[in-house]
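Here's the structure, in structure tokens; my notes come after.
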Amino acid sequence: VELVESGGGLVQSGDSLTLSCAVSGLDFSRYAMGWFRQAPGKDREFVAGFSWSHDSPYYADSVKGRFTIARDNAKNAVYLQMNSLKAEDTALYYCAADKIAFRINLALSSFVPGNFGSWGRGTQVTVSS
């Protein structure tokens, strides 16, 4: 399994960015996928994700209404559209795949780093105020 993030950069507050995650060796239809981020000195935190069942996406409260997660099954890719960026969105952003295929009772609380076993190297997003 390989996940490769791209699209990060340095932007100003209020700007937009779209992150991409190219996935190989993994069947989307079996695993939940998520975006996480980690700021310096802070724990890695959940940002956005979707289940293996392709139902409604999940978002952290801090990004709800500003970020949108999307997938392209034909391209084996996951995207994170980020609008109205704030300085507090500055972090290294990671794409990740669930450890467990067809995880049952998947909920927002399931999207924690410990449940995800495959990770990319991350892409840096820096928002200047």
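Labeling convention for the structure tokens: chains A, B, ... as they appear, residues from 1 per chain, ligands from 1 in order of appearance.
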May I have the residues within 6 Å of stretch 113-126 of chain A as a list of chain:residue names, using only C-alpha atoms and disregarding those fewer than 5 positions away in the same chain? A:Leu3, A:Val4, A:Glu5, A:Ser6, A:Gly8, A:Gly9, A:Leu10, A:Thr90, A:Ala91, A:Leu92, A:Tyr93, A:Tyr94, A:Cys95, A:Ala96, A:Ala97, A:Asp98, A:Lys99
N, CA and C atoms of the current selection, written as an mmCIF file, in the first residue's frame:
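Wrote it out as selection-v6.cif, contents follow:
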```
data_model
loop_
_atom_site.group_PDB
_atom_site.id
_atom_site.type_symbol
_atom_site.label_atom_id
_atom_site.label_comp_id
_atom_site.auth_asym_id
_atom_site.auth_seq_id
_atom_site.Cartn_x
_atom_site.Cartn_y
_atom_site.Cartn_z
ATOM 1 N N LEU A 3 0.525 5.605 -0.209
ATOM 2 C CA LEU A 3 -0.276 6.811 -0.265
ATOM 3 C C LEU A 3 0.671 7.992 -0.419
ATOM 4 N N VAL A 4 0.412 8.841 -1.401
ATOM 5 C CA VAL A 4 1.294 9.970 -1.679
ATOM 6 C C VAL A 4 0.463 11.246 -1.744
ATOM 7 N N GLU A 5 0.709 12.142 -0.799
ATOM 8 C CA GLU A 5 -0.009 13.408 -0.751
ATOM 9 C C GLU A 5 0.713 14.471 -1.568
ATOM 10 N N SER A 6 -0.065 15.420 -2.067
ATOM 11 C CA SER A 6 0.496 16.566 -2.783
ATOM 12 C C SER A 6 -0.489 17.727 -2.682
ATOM 13 N N GLY A 8 0.113 20.781 -1.075
ATOM 14 C CA GLY A 8 0.311 21.739 0.002
ATOM 15 C C GLY A 8 1.068 22.969 -0.474
ATOM 16 N N GLY A 9 1.139 23.963 0.404
ATOM 17 C CA GLY A 9 1.864 25.168 0.038
ATOM 18 C C GLY A 9 1.677 26.263 1.069
ATOM 19 N N LEU A 10 2.210 27.425 0.712
ATOM 20 C CA LEU A 10 2.091 28.613 1.564
ATOM 21 C C LEU A 10 1.032 29.525 0.973
ATOM 22 N N THR A 90 -2.660 25.639 9.715
ATOM 23 C CA THR A 90 -1.268 25.326 9.401
ATOM 24 C C THR A 90 -0.858 24.016 10.055
ATOM 25 N N ALA A 91 -0.397 23.070 9.241
ATOM 26 C CA ALA A 91 -0.033 21.749 9.738
ATOM 27 C C ALA A 91 0.511 20.908 8.594
ATOM 28 N N LEU A 92 1.032 19.753 8.957
ATOM 29 C CA LEU A 92 1.389 18.735 7.976
ATOM 30 C C LEU A 92 0.160 17.851 7.811
ATOM 31 N N TYR A 93 -0.314 17.728 6.583
ATOM 32 C CA TYR A 93 -1.546 16.994 6.307
ATOM 33 C C TYR A 93 -1.221 15.614 5.753
ATOM 34 N N TYR A 94 -1.886 14.608 6.347
ATOM 35 C CA TYR A 94 -1.653 13.222 5.974
ATOM 36 C C TYR A 94 -2.931 12.576 5.439
ATOM 37 N N CYS A 95 -2.747 11.717 4.477
ATOM 38 C CA CYS A 95 -3.807 10.851 3.987
ATOM 39 C C CYS A 95 -3.585 9.477 4.624
ATOM 40 N N ALA A 96 -4.679 8.782 4.989
ATOM 41 C CA ALA A 96 -4.517 7.505 5.671
ATOM 42 C C ALA A 96 -5.664 6.561 5.337
ATOM 43 N N ALA A 97 -5.373 5.272 5.441
ATOM 44 C CA ALA A 97 -6.365 4.234 5.210
ATOM 45 C C ALA A 97 -6.569 3.419 6.485
ATOM 46 N N ASP A 98 -7.808 3.026 6.725
ATOM 47 C CA ASP A 98 -8.173 2.242 7.905
ATOM 48 C C ASP A 98 -7.376 0.946 7.953
ATOM 49 N N LYS A 99 -7.106 0.475 9.190
ATOM 50 C CA LYS A 99 -6.434 -0.806 9.369
ATOM 51 C C LYS A 99 -7.343 -1.969 9.014
#
```
Pick out each residue of stretch 55-105 of chain A that DSSP on the backbone tags as strand (DSSP E); I need them as number ranges by chain. A: 58-59, 67-72, 77-82, 91-98
Non-local contacts of A:Gly14 (7 Å; only C-alpha atoms; under 3 positions in same chain excluded) as a compact mmCIF listing (two decimals) with C-alpha atoms, in the first residue's frame:
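Generated file (selection20.txt):
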```txt
# COMPACT_ATOMS: atom_id res chain seq x y z
CA SER A 84 -11.40 30.00 3.88
CA LEU A 85 -8.10 28.83 5.30
CA LYS A 86 -7.04 30.15 8.68
```
May I have all residues of chain A that DSSP, computed from the backbone, assigns to helix (DSSP H, G or I), given as a PyMOL selection string? chain A and resi 28-30+87-89+108-110+113-115
Can you pull out the residues contacting A:His54? Cut-off 10 Å, using only C-alpha atoms, and skip same-chain residues under 2 positions away; I want them as a PDB file with N, CA and C atoms, in the first residue's frame.
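The resulting file, result_1.pdb, is reproduced below:
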```
ATOM      1  N   PHE A  28     -10.490   1.004  -2.372  1.00  0.00           N
ATOM      2  CA  PHE A  28     -11.320   1.987  -1.677  1.00  0.00           C
ATOM      3  C   PHE A  28     -12.597   1.380  -1.132  1.00  0.00           C
ATOM      4  N   SER A  29     -13.132   0.434  -1.850  1.00  0.00           N
ATOM      5  CA  SER A  29     -14.452  -0.073  -1.490  1.00  0.00           C
ATOM      6  C   SER A  29     -14.421  -0.886  -0.192  1.00  0.00           C
ATOM      7  N   ARG A  30     -13.237  -1.132   0.326  1.00  0.00           N
ATOM      8  CA  ARG A  30     -13.121  -1.956   1.525  1.00  0.00           C
ATOM      9  C   ARG A  30     -12.687  -1.177   2.770  1.00  0.00           C
ATOM     10  N   TYR A  31     -12.131  -0.006   2.570  1.00  0.00           N
ATOM     11  CA  TYR A  31     -11.524   0.703   3.700  1.00  0.00           C
ATOM     12  C   TYR A  31     -12.024   2.135   3.821  1.00  0.00           C
ATOM     13  N   ALA A  32     -12.184   2.557   5.066  1.00  0.00           N
ATOM     14  CA  ALA A  32     -12.411   3.973   5.317  1.00  0.00           C
ATOM     15  C   ALA A  32     -11.112   4.727   5.019  1.00  0.00           C
ATOM     16  N   PHE A  50     -14.185   9.422   4.969  1.00  0.00           N
ATOM     17  CA  PHE A  50     -15.399   8.753   4.519  1.00  0.00           C
ATOM     18  C   PHE A  50     -15.253   7.264   4.755  1.00  0.00           C
ATOM     19  N   SER A  51     -16.398   6.610   4.893  1.00  0.00           N
ATOM     20  CA  SER A  51     -16.399   5.183   5.212  1.00  0.00           C
ATOM     21  C   SER A  51     -16.244   4.346   3.961  1.00  0.00           C
ATOM     22  N   TRP A  52     -16.058   3.065   4.137  1.00  0.00           N
ATOM     23  CA  TRP A  52     -15.956   2.121   3.025  1.00  0.00           C
ATOM     24  C   TRP A  52     -17.308   2.007   2.311  1.00  0.00           C
ATOM     25  N   SER A  56     -22.326   9.404   3.868  1.00  0.00           N
ATOM     26  CA  SER A  56     -21.963  10.805   4.089  1.00  0.00           C
ATOM     27  C   SER A  56     -20.569  10.926   4.704  1.00  0.00           C
ATOM     28  N   PRO A  57     -19.798  11.910   4.272  1.00  0.00           N
ATOM     29  CA  PRO A  57     -18.458  12.096   4.843  1.00  0.00           C
ATOM     30  C   PRO A  57     -18.519  12.606   6.276  1.00  0.00           C
ATOM     31  N   ARG A  71     -13.545  11.782  -3.487  1.00  0.00           N
ATOM     32  CA  ARG A  71     -12.787  10.629  -3.969  1.00  0.00           C
ATOM     33  C   ARG A  71     -13.031  10.449  -5.450  1.00  0.00           C
TER      34      ARG A  71
END
```
Find the spatial neighbours of A:Phe46, counting only C-alpha atoms, within a cut-off of 10 Å - ignore same-chain residues fewer than 3 positions away - and output them as a list in words. Gly34, Trp35, Phe36, Arg37, Gln38, Asp43, Gly49, Tyr58, Tyr59, Ala60, Asp61, Ser62, Tyr93, Tyr94, Leu108, Ser109, Ser110, Phe111, Val112 and Pro113 of chain A
What separates atom CA of A:Arg44 and atom CA of A:Asp89 is a distance of 12.5 Å
For A:Tyr79, the nearest of the candidates A:Arg66, A:Ser129, A:Ala48, A:Ser24, counting only C-alpha atoms: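 Looking at the shortest contact to A:Tyr79, the residue is A:Ala48.
Between A:Ser128 and the candidates A:Ala70, A:Lys42, A:Val1, A:Ser13, the tightest atom-to-atom separation, counting only C-alpha atoms, involves A:Ser13.
Among the candidate residues A:Val47, A:Val11, A:Leu17, A:Ala22, the one lying nearest to A:Ala87 is A:Val11, with distances computed using only C-alpha atoms.
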In terms of only C-alpha atoms, the residue from A:Asp27, A:Leu80, A:Ser20, A:Val127 at minimal distance from A:Phe102 is A:Asp27
